[in-house]
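Coordinates from my_file.cif are shown below (mmCIF, C-alpha atoms; chains and numbers go by the auth columns).
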```
data_run
loop_
_atom_site.group_PDB
_atom_site.id
_atom_site.type_symbol
_atom_site.label_atom_id
_atom_site.label_comp_id
_atom_site.label_asym_id
_atom_site.label_seq_id
_atom_site.Cartn_x
_atom_site.Cartn_y
_atom_site.Cartn_z
_atom_site.B_iso_or_equiv
_atom_site.auth_seq_id
_atom_site.auth_asym_id
ATOM 1 C CA MET A 1 -3.269 -20.246 -15.868 0.00 1 A
ATOM 2 C CA ILE A 2 -2.576 -16.540 -15.856 0.00 2 A
ATOM 3 C CA SER A 3 -0.302 -14.190 -17.743 0.00 3 A
ATOM 4 C CA LEU A 4 0.651 -10.600 -18.425 0.00 4 A
ATOM 5 C CA THR A 5 1.835 -9.940 -21.950 0.00 5 A
ATOM 6 C CA HIS A 6 3.037 -7.119 -24.175 0.00 6 A
ATOM 7 C CA GLU A 7 2.026 -9.126 -27.264 0.00 7 A
ATOM 8 C CA PRO A 8 -1.441 -9.057 -28.906 0.00 8 A
ATOM 9 C CA ILE A 9 -3.931 -11.490 -27.329 0.00 9 A
ATOM 10 C CA ASP A 10 -5.063 -14.211 -29.761 0.00 10 A
ATOM 11 C CA HIS A 11 -8.670 -14.875 -28.770 0.00 11 A
ATOM 12 C CA ALA A 12 -8.971 -18.066 -30.824 0.00 12 A
ATOM 13 C CA THR A 13 -5.945 -19.585 -29.111 0.00 13 A
ATOM 14 C CA LEU A 14 -7.230 -18.359 -25.748 0.00 14 A
ATOM 15 C CA THR A 15 -10.567 -20.124 -26.255 0.00 15 A
ATOM 16 C CA GLU A 16 -8.982 -23.283 -27.680 0.00 16 A
ATOM 17 C CA THR A 17 -6.654 -23.546 -24.679 0.00 17 A
ATOM 18 C CA VAL A 18 -9.531 -24.174 -22.234 0.00 18 A
ATOM 19 C CA ARG A 19 -11.514 -26.718 -24.295 0.00 19 A
ATOM 20 C CA ARG A 20 -11.847 -30.100 -22.565 0.00 20 A
ATOM 21 C CA ASN A 21 -13.788 -33.213 -23.572 0.00 21 A
ATOM 22 C CA HIS A 22 -15.660 -33.356 -20.259 0.00 22 A
ATOM 23 C CA CYS A 23 -16.669 -29.697 -20.543 0.00 23 A
ATOM 24 C CA GLY A 24 -19.743 -28.957 -22.626 0.00 24 A
ATOM 25 C CA ALA A 25 -19.472 -25.210 -22.125 0.00 25 A
ATOM 26 C CA VAL A 26 -16.786 -22.655 -22.928 0.00 26 A
ATOM 27 C CA VAL A 27 -17.213 -18.945 -22.153 0.00 27 A
ATOM 28 C CA THR A 28 -14.675 -16.368 -23.312 0.00 28 A
ATOM 29 C CA PHE A 29 -14.780 -12.719 -22.231 0.00 29 A
ATOM 30 C CA LEU A 30 -12.720 -10.140 -24.137 0.00 30 A
ATOM 31 C CA GLY A 31 -12.194 -6.565 -23.005 0.00 31 A
ATOM 32 C CA THR A 32 -11.368 -4.346 -25.991 0.00 32 A
ATOM 33 C CA VAL A 33 -10.278 -0.733 -26.337 0.00 33 A
ATOM 34 C CA ARG A 34 -13.391 1.429 -26.835 0.00 34 A
ATOM 35 C CA ASP A 35 -13.299 4.603 -28.924 0.00 35 A
ATOM 36 C CA LEU A 36 -15.662 6.699 -26.774 0.00 36 A
ATOM 37 C CA THR A 37 -15.801 7.383 -23.033 0.00 37 A
ATOM 38 C CA GLY A 38 -18.700 9.769 -22.460 0.00 38 A
ATOM 39 C CA ASP A 39 -18.095 12.414 -25.108 0.00 39 A
ATOM 40 C CA LYS A 40 -14.304 11.980 -25.129 0.00 40 A
ATOM 41 C CA VAL A 41 -12.732 10.266 -28.129 0.00 41 A
ATOM 42 C CA THR A 42 -10.014 7.757 -27.237 0.00 42 A
ATOM 43 C CA ILE A 43 -7.412 6.945 -29.864 0.00 43 A
ATOM 44 C CA ALA A 44 -5.246 4.610 -27.758 0.00 44 A
ATOM 45 C CA LEU A 45 -4.670 3.325 -24.223 0.00 45 A
ATOM 46 C CA ASP A 46 -1.454 2.658 -22.343 0.00 46 A
ATOM 47 C CA TYR A 47 -1.671 -0.108 -19.731 0.00 47 A
ATOM 48 C CA GLU A 48 0.762 -0.350 -16.830 0.00 48 A
ATOM 49 C CA ALA A 49 0.964 -2.975 -14.073 0.00 49 A
ATOM 50 C CA TYR A 50 2.642 -3.609 -10.755 0.00 50 A
ATOM 51 C CA PRO A 51 3.686 -6.902 -12.312 0.00 51 A
ATOM 52 C CA ALA A 52 4.577 -9.096 -9.322 0.00 52 A
ATOM 53 C CA MET A 53 1.439 -8.161 -7.394 0.00 53 A
ATOM 54 C CA ALA A 54 -0.768 -8.297 -10.492 0.00 54 A
ATOM 55 C CA GLU A 55 0.344 -11.868 -11.210 0.00 55 A
ATOM 56 C CA LYS A 56 -0.139 -12.833 -7.555 0.00 56 A
ATOM 57 C CA LYS A 57 -3.694 -11.447 -7.509 0.00 57 A
ATOM 58 C CA MET A 58 -4.514 -13.136 -10.833 0.00 58 A
ATOM 59 C CA ARG A 59 -3.321 -16.478 -9.421 0.00 59 A
ATOM 60 C CA GLU A 60 -5.542 -15.920 -6.353 0.00 60 A
ATOM 61 C CA ILE A 61 -8.542 -15.197 -8.595 0.00 61 A
ATOM 62 C CA GLU A 62 -7.843 -18.358 -10.594 0.00 62 A
ATOM 63 C CA ALA A 63 -7.686 -20.383 -7.355 0.00 63 A
ATOM 64 C CA GLU A 64 -10.887 -18.953 -5.857 0.00 64 A
ATOM 65 C CA THR A 65 -12.755 -19.474 -9.154 0.00 65 A
ATOM 66 C CA ARG A 66 -11.604 -23.107 -9.284 0.00 66 A
ATOM 67 C CA GLU A 67 -12.828 -23.569 -5.700 0.00 67 A
ATOM 68 C CA ARG A 68 -16.348 -22.332 -6.485 0.00 68 A
ATOM 69 C CA TRP A 69 -17.021 -23.875 -9.908 0.00 69 A
ATOM 70 C CA PRO A 70 -16.080 -27.215 -11.560 0.00 70 A
ATOM 71 C CA ILE A 71 -13.537 -25.657 -13.889 0.00 71 A
ATOM 72 C CA GLY A 72 -12.056 -27.747 -16.682 0.00 72 A
ATOM 73 C CA GLU A 73 -9.535 -25.030 -17.481 0.00 73 A
ATOM 74 C CA ILE A 74 -9.361 -21.270 -16.917 0.00 74 A
ATOM 75 C CA VAL A 75 -7.073 -18.664 -18.473 0.00 75 A
ATOM 76 C CA LEU A 76 -6.743 -15.029 -17.404 0.00 76 A
ATOM 77 C CA VAL A 77 -4.537 -12.841 -19.583 0.00 77 A
ATOM 78 C CA HIS A 78 -3.963 -9.068 -19.521 0.00 78 A
ATOM 79 C CA ARG A 79 -2.121 -7.051 -22.124 0.00 79 A
ATOM 80 C CA LEU A 80 0.269 -4.248 -21.112 0.00 80 A
ATOM 81 C CA GLY A 81 1.750 -1.360 -23.058 0.00 81 A
ATOM 82 C CA HIS A 82 0.272 0.669 -25.928 0.00 82 A
ATOM 83 C CA LEU A 83 -3.051 -0.502 -27.413 0.00 83 A
ATOM 84 C CA GLU A 84 -5.006 0.990 -30.298 0.00 84 A
ATOM 85 C CA VAL A 85 -8.804 1.169 -30.456 0.00 85 A
ATOM 86 C CA GLY A 86 -10.298 -2.276 -31.038 0.00 86 A
ATOM 87 C CA GLU A 87 -7.369 -4.247 -29.614 0.00 87 A
ATOM 88 C CA ILE A 88 -7.940 -6.794 -26.853 0.00 88 A
ATOM 89 C CA SER A 89 -6.712 -5.607 -23.459 0.00 89 A
ATOM 90 C CA VAL A 90 -7.934 -8.489 -21.300 0.00 90 A
ATOM 91 C CA GLY A 91 -9.228 -12.010 -21.860 0.00 91 A
ATOM 92 C CA VAL A 92 -10.820 -14.611 -19.596 0.00 92 A
ATOM 93 C CA ALA A 93 -11.707 -18.062 -20.920 0.00 93 A
ATOM 94 C CA VAL A 94 -13.396 -20.752 -18.840 0.00 94 A
ATOM 95 C CA SER A 95 -14.616 -24.271 -19.511 0.00 95 A
ATOM 96 C CA CYS A 96 -17.078 -26.170 -17.311 0.00 96 A
ATOM 97 C CA PRO A 97 -19.329 -29.210 -17.754 0.00 97 A
ATOM 98 C CA HIS A 98 -22.426 -26.975 -18.104 0.00 98 A
ATOM 99 C CA ARG A 99 -23.083 -23.450 -19.388 0.00 99 A
ATOM 100 C CA ALA A 100 -24.500 -21.811 -16.243 0.00 100 A
ATOM 101 C CA GLN A 101 -21.319 -22.689 -14.384 0.00 101 A
ATOM 102 C CA ALA A 102 -19.113 -21.398 -17.188 0.00 102 A
ATOM 103 C CA PHE A 103 -20.970 -18.051 -17.463 0.00 103 A
ATOM 104 C CA GLU A 104 -20.907 -17.520 -13.693 0.00 104 A
ATOM 105 C CA ALA A 105 -17.249 -18.473 -13.321 0.00 105 A
ATOM 106 C CA CYS A 106 -16.158 -16.223 -16.191 0.00 106 A
ATOM 107 C CA ARG A 107 -18.188 -13.286 -14.834 0.00 107 A
ATOM 108 C CA HIS A 108 -16.709 -13.799 -11.378 0.00 108 A
ATOM 109 C CA ALA A 109 -13.135 -13.947 -12.680 0.00 109 A
ATOM 110 C CA ILE A 110 -13.333 -10.785 -14.819 0.00 110 A
ATOM 111 C CA ASP A 111 -15.170 -8.811 -12.104 0.00 111 A
ATOM 112 C CA ARG A 112 -12.559 -9.761 -9.506 0.00 112 A
ATOM 113 C CA LEU A 113 -9.742 -8.991 -11.919 0.00 113 A
ATOM 114 C CA LYS A 114 -11.098 -5.474 -12.489 0.00 114 A
ATOM 115 C CA GLU A 115 -11.516 -4.980 -8.751 0.00 115 A
ATOM 116 C CA LEU A 116 -8.250 -6.403 -7.377 0.00 116 A
ATOM 117 C CA VAL A 117 -5.471 -6.508 -9.933 0.00 117 A
ATOM 118 C CA PRO A 118 -3.116 -3.491 -9.911 0.00 118 A
ATOM 119 C CA ILE A 119 -3.226 -2.529 -13.588 0.00 119 A
ATOM 120 C CA TRP A 120 -3.879 1.028 -14.740 0.00 120 A
ATOM 121 C CA LYS A 121 -4.753 2.615 -18.045 0.00 121 A
ATOM 122 C CA LYS A 122 -3.951 6.001 -19.520 0.00 122 A
ATOM 123 C CA GLU A 123 -6.388 7.338 -22.096 0.00 123 A
ATOM 124 C CA ASN A 124 -4.857 9.114 -25.064 0.00 124 A
ATOM 125 C CA ARG A 125 -7.462 11.357 -26.708 0.00 125 A
ATOM 126 C CA ASP A 126 -7.914 12.821 -30.155 0.00 126 A
ATOM 127 C CA ASP A 127 -7.316 16.339 -28.800 0.00 127 A
ATOM 128 C CA GLY A 128 -3.753 15.380 -27.787 0.00 128 A
ATOM 129 C CA GLN A 129 -4.598 15.153 -24.076 0.00 129 A
ATOM 130 C CA SER A 130 -3.810 12.049 -22.068 0.00 130 A
ATOM 131 C CA GLU A 131 -4.973 11.094 -18.587 0.00 131 A
ATOM 132 C CA TRP A 132 -4.645 8.190 -16.159 0.00 132 A
ATOM 133 C CA VAL A 133 -8.001 6.670 -15.293 0.00 133 A
ATOM 134 C CA HIS A 134 -8.390 6.514 -11.510 0.00 134 A
ATOM 135 C CA PRO A 135 -12.066 6.033 -10.635 0.00 135 A
ATOM 136 C CA GLY A 136 -13.381 7.809 -7.575 0.00 136 A
ATOM 137 C CA GLY A 137 -12.822 11.229 -9.104 0.00 137 A
ATOM 138 C CA GLY A 138 -11.413 14.448 -7.713 0.00 138 A
ATOM 139 C CA MET B 1 14.416 3.838 9.358 0.00 1 B
ATOM 140 C CA GLN B 2 14.517 4.276 5.578 0.00 2 B
ATOM 141 C CA PHE B 3 11.872 2.601 3.376 0.00 3 B
ATOM 142 C CA THR B 4 11.550 2.381 -0.390 0.00 4 B
ATOM 143 C CA VAL B 5 8.083 2.804 -1.888 0.00 5 B
ATOM 144 C CA HIS B 6 7.033 1.997 -5.471 0.00 6 B
ATOM 145 C CA LEU B 7 4.718 4.414 -7.297 0.00 7 B
ATOM 146 C CA PHE B 8 2.545 3.865 -10.351 0.00 8 B
ATOM 147 C CA ALA B 9 0.388 5.650 -12.920 0.00 9 B
ATOM 148 C CA ARG B 10 -0.735 9.206 -12.020 0.00 10 B
ATOM 149 C CA LEU B 11 1.018 9.064 -8.663 0.00 11 B
ATOM 150 C CA ARG B 12 4.329 8.369 -10.368 0.00 12 B
ATOM 151 C CA ASP B 13 3.727 11.158 -12.875 0.00 13 B
ATOM 152 C CA LEU B 14 2.943 13.642 -10.065 0.00 14 B
ATOM 153 C CA VAL B 15 6.103 12.766 -8.123 0.00 15 B
ATOM 154 C CA ASP B 16 8.077 12.285 -11.349 0.00 16 B
ATOM 155 C CA SER B 17 9.691 9.097 -10.043 0.00 17 B
ATOM 156 C CA ASP B 18 8.666 5.447 -9.868 0.00 18 B
ATOM 157 C CA ILE B 19 10.346 5.007 -6.495 0.00 19 B
ATOM 158 C CA VAL B 20 10.654 7.213 -3.405 0.00 20 B
ATOM 159 C CA SER B 21 12.582 6.831 -0.185 0.00 21 B
ATOM 160 C CA LEU B 22 10.822 7.727 3.087 0.00 22 B
ATOM 161 C CA GLU B 23 12.256 8.094 6.599 0.00 23 B
ATOM 162 C CA LEU B 24 9.617 6.517 8.855 0.00 24 B
ATOM 163 C CA GLY B 25 11.179 5.973 12.268 0.00 25 B
ATOM 164 C CA GLU B 26 11.011 2.703 14.221 0.00 26 B
ATOM 165 C CA SER B 27 8.164 0.187 13.739 0.00 27 B
ATOM 166 C CA PRO B 28 6.095 2.458 11.508 0.00 28 B
ATOM 167 C CA THR B 29 2.536 1.697 10.440 0.00 29 B
ATOM 168 C CA ILE B 30 0.852 2.117 7.075 0.00 30 B
ATOM 169 C CA ALA B 31 -0.769 5.283 8.487 0.00 31 B
ATOM 170 C CA ASP B 32 2.720 6.665 9.216 0.00 32 B
ATOM 171 C CA LEU B 33 3.695 6.005 5.620 0.00 33 B
ATOM 172 C CA ARG B 34 0.632 7.925 4.393 0.00 34 B
ATOM 173 C CA SER B 35 1.409 10.882 6.693 0.00 35 B
ATOM 174 C CA ARG B 36 5.072 11.006 5.719 0.00 36 B
ATOM 175 C CA MET B 37 4.206 10.801 2.035 0.00 37 B
ATOM 176 C CA MET B 38 1.825 13.791 2.394 0.00 38 B
ATOM 177 C CA VAL B 39 4.542 15.864 4.113 0.00 39 B
ATOM 178 C CA GLN B 40 7.302 14.967 1.696 0.00 40 B
ATOM 179 C CA TYR B 41 5.203 15.058 -1.500 0.00 41 B
ATOM 180 C CA PRO B 42 2.198 17.360 -0.885 0.00 42 B
ATOM 181 C CA ILE B 43 1.447 17.223 -4.619 0.00 43 B
ATOM 182 C CA VAL B 44 -0.137 13.784 -4.046 0.00 44 B
ATOM 183 C CA ALA B 45 -2.739 15.144 -1.586 0.00 45 B
ATOM 184 C CA SER B 46 -5.594 14.942 -4.077 0.00 46 B
ATOM 185 C CA ILE B 47 -5.098 11.272 -4.889 0.00 47 B
ATOM 186 C CA LEU B 48 -3.361 9.618 -1.914 0.00 48 B
ATOM 187 C CA PRO B 49 -6.506 9.283 0.251 0.00 49 B
ATOM 188 C CA ARG B 50 -8.074 7.208 -2.549 0.00 50 B
ATOM 189 C CA CYS B 51 -5.014 4.964 -2.888 0.00 51 B
ATOM 190 C CA LEU B 52 -4.429 1.610 -1.224 0.00 52 B
ATOM 191 C CA ILE B 53 -1.071 0.643 0.218 0.00 53 B
ATOM 192 C CA ALA B 54 0.440 -2.727 -0.683 0.00 54 B
ATOM 193 C CA LEU B 55 2.681 -4.369 1.906 0.00 55 B
ATOM 194 C CA ASN B 56 4.566 -7.338 0.461 0.00 56 B
ATOM 195 C CA GLN B 57 2.091 -7.432 -2.449 0.00 57 B
ATOM 196 C CA GLU B 58 -1.010 -7.563 -0.218 0.00 58 B
ATOM 197 C CA PHE B 59 -3.451 -4.708 0.429 0.00 59 B
ATOM 198 C CA ALA B 60 -2.697 -3.427 3.943 0.00 60 B
ATOM 199 C CA GLN B 61 -4.792 -1.639 6.592 0.00 61 B
ATOM 200 C CA ASP B 62 -3.624 1.640 8.151 0.00 62 B
ATOM 201 C CA HIS B 63 -2.882 0.022 11.537 0.00 63 B
ATOM 202 C CA GLU B 64 -0.533 -2.630 10.143 0.00 64 B
ATOM 203 C CA THR B 65 3.155 -2.423 11.045 0.00 65 B
ATOM 204 C CA ILE B 66 5.855 -2.224 8.403 0.00 66 B
ATOM 205 C CA THR B 67 8.849 -4.462 9.122 0.00 67 B
ATOM 206 C CA PRO B 68 12.348 -3.773 7.750 0.00 68 B
ATOM 207 C CA GLY B 69 12.844 -5.116 4.238 0.00 69 B
ATOM 208 C CA SER B 70 9.126 -5.004 3.402 0.00 70 B
ATOM 209 C CA GLU B 71 8.099 -4.386 -0.213 0.00 71 B
ATOM 210 C CA LEU B 72 5.919 -1.270 -0.261 0.00 72 B
ATOM 211 C CA ALA B 73 3.820 0.214 -3.039 0.00 73 B
ATOM 212 C CA ILE B 74 1.077 2.810 -3.335 0.00 74 B
ATOM 213 C CA ILE B 75 -1.812 1.542 -5.454 0.00 75 B
ATOM 214 C CA PRO B 76 -3.925 4.256 -7.113 0.00 76 B
ATOM 215 C CA PRO B 77 -7.555 3.313 -7.878 0.00 77 B
ATOM 216 C CA VAL B 78 -7.470 0.692 -10.631 0.00 78 B
ATOM 217 C CA SER B 79 -8.997 1.362 -14.008 0.00 79 B
ATOM 218 C CA GLY B 80 -11.822 -1.059 -13.290 0.00 80 B
ATOM 219 C CA GLY B 81 -14.419 0.017 -15.749 0.00 81 B
ATOM 220 C CA SER B 82 -18.155 -0.140 -15.357 0.00 82 B
ATOM 221 C CA SER B 83 -19.572 -3.625 -15.671 0.00 83 B
#
```
How would this structure read if it were set down as structure tokens?
Amino acid sequence: MISLTHEPIDHATLTETVRRNHCGAVVTFLGTVRDLTGDKVTIALDYEAYPAMAEKKMREIEAETRERWPIGEIVLVHRLGHLEVGEISVGVAVSCPHRAQAFEACRHAIDRLKELVPIWKKENRDDGQSEWVHPGGG
Amino acid sequence: MQFTVHLFARLRDLVDSDIVSLELGESPTIADLRSRMMVQYPIVASILPRCLIALNQEFAQDHETITPGSELAIIPPVSGGSS
């Protein structure tokens, strides 16, 4: 299952949601707001999505991950709006019968999410400046 | 023919609107949309070449044709983050 939310992500609930009796492995990835990017101090991030397309791409990532690994359950969730340092911006939890599968499936899902899902972040810095992060520079 | 295009993040801030209307003629392509956008909003020149175009919520190639009623959006590079 997938979701976009403006509410804080509860990582314990996220992990518990994917636990299954036939799955001996659960892997949870959390992306959290970091306080330093290079030498710039971040005090908060603002996340914005193209919601309909973001949800569509997240559903596609869920489907392709289920095709490649024997998933018990998988959850992809991304937070939107204003996040302070330390808060969870994205979570992926996966259960599989064995750990290698669970690690690989979780890694695949978060990498694809970062690559494909139209969600952007604006860094708000301690010097009062703020800037959208659009890799590729220039 | 008139088309509505959704903008996000820095692109929206540059244009100062989350939606723009472009006159693209008959059976336009994604490349036509890019060209028209550059003419109408030259302020986006620095970022538009690095953006993808979404046609009905799918990433589209420059040669693809835009049909009337299509949902269009310009997708700036996503935040990604180093792995």
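Between chain A and the candidates B:Ile74, B:Val15, B:Met38, B:Ile66, the tightest atom-to-atom separation, counting all atoms listed in the file, involves B:Ile74.
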message: Under the PyMOL selection byres ((chain A) within 12 of (chain B)), which residues of this model are included? Write them out as an MDAnalysis selection string.
response: chainID A and resid 31:34 37 45:57 60 89:90 107:108 110:123 130:138
First collect every listed atom of segment 56-62 of chain A; then fit an axis-aligned box around them, widen it by 8 Å on each side, and give centre and edge lengths in Å to one decimal, as AutoDock Vina command-line options.
```
--center_x -4.3 --center_y -14.9 --center_z -8.6 --size_x 24.4 --size_y 22.9 --size_z 20.5
```
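Interatomic distance, atom CA of Val20 of chain B to atom CA of His78 of chain A: 27.2 Å.
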field: Pick from A:Thr42, A:Thr17, A:Thr65, A:Ser3, whichever lies nearest to Arg125 of chain A using all atoms listed in the file
entry: A:Thr42
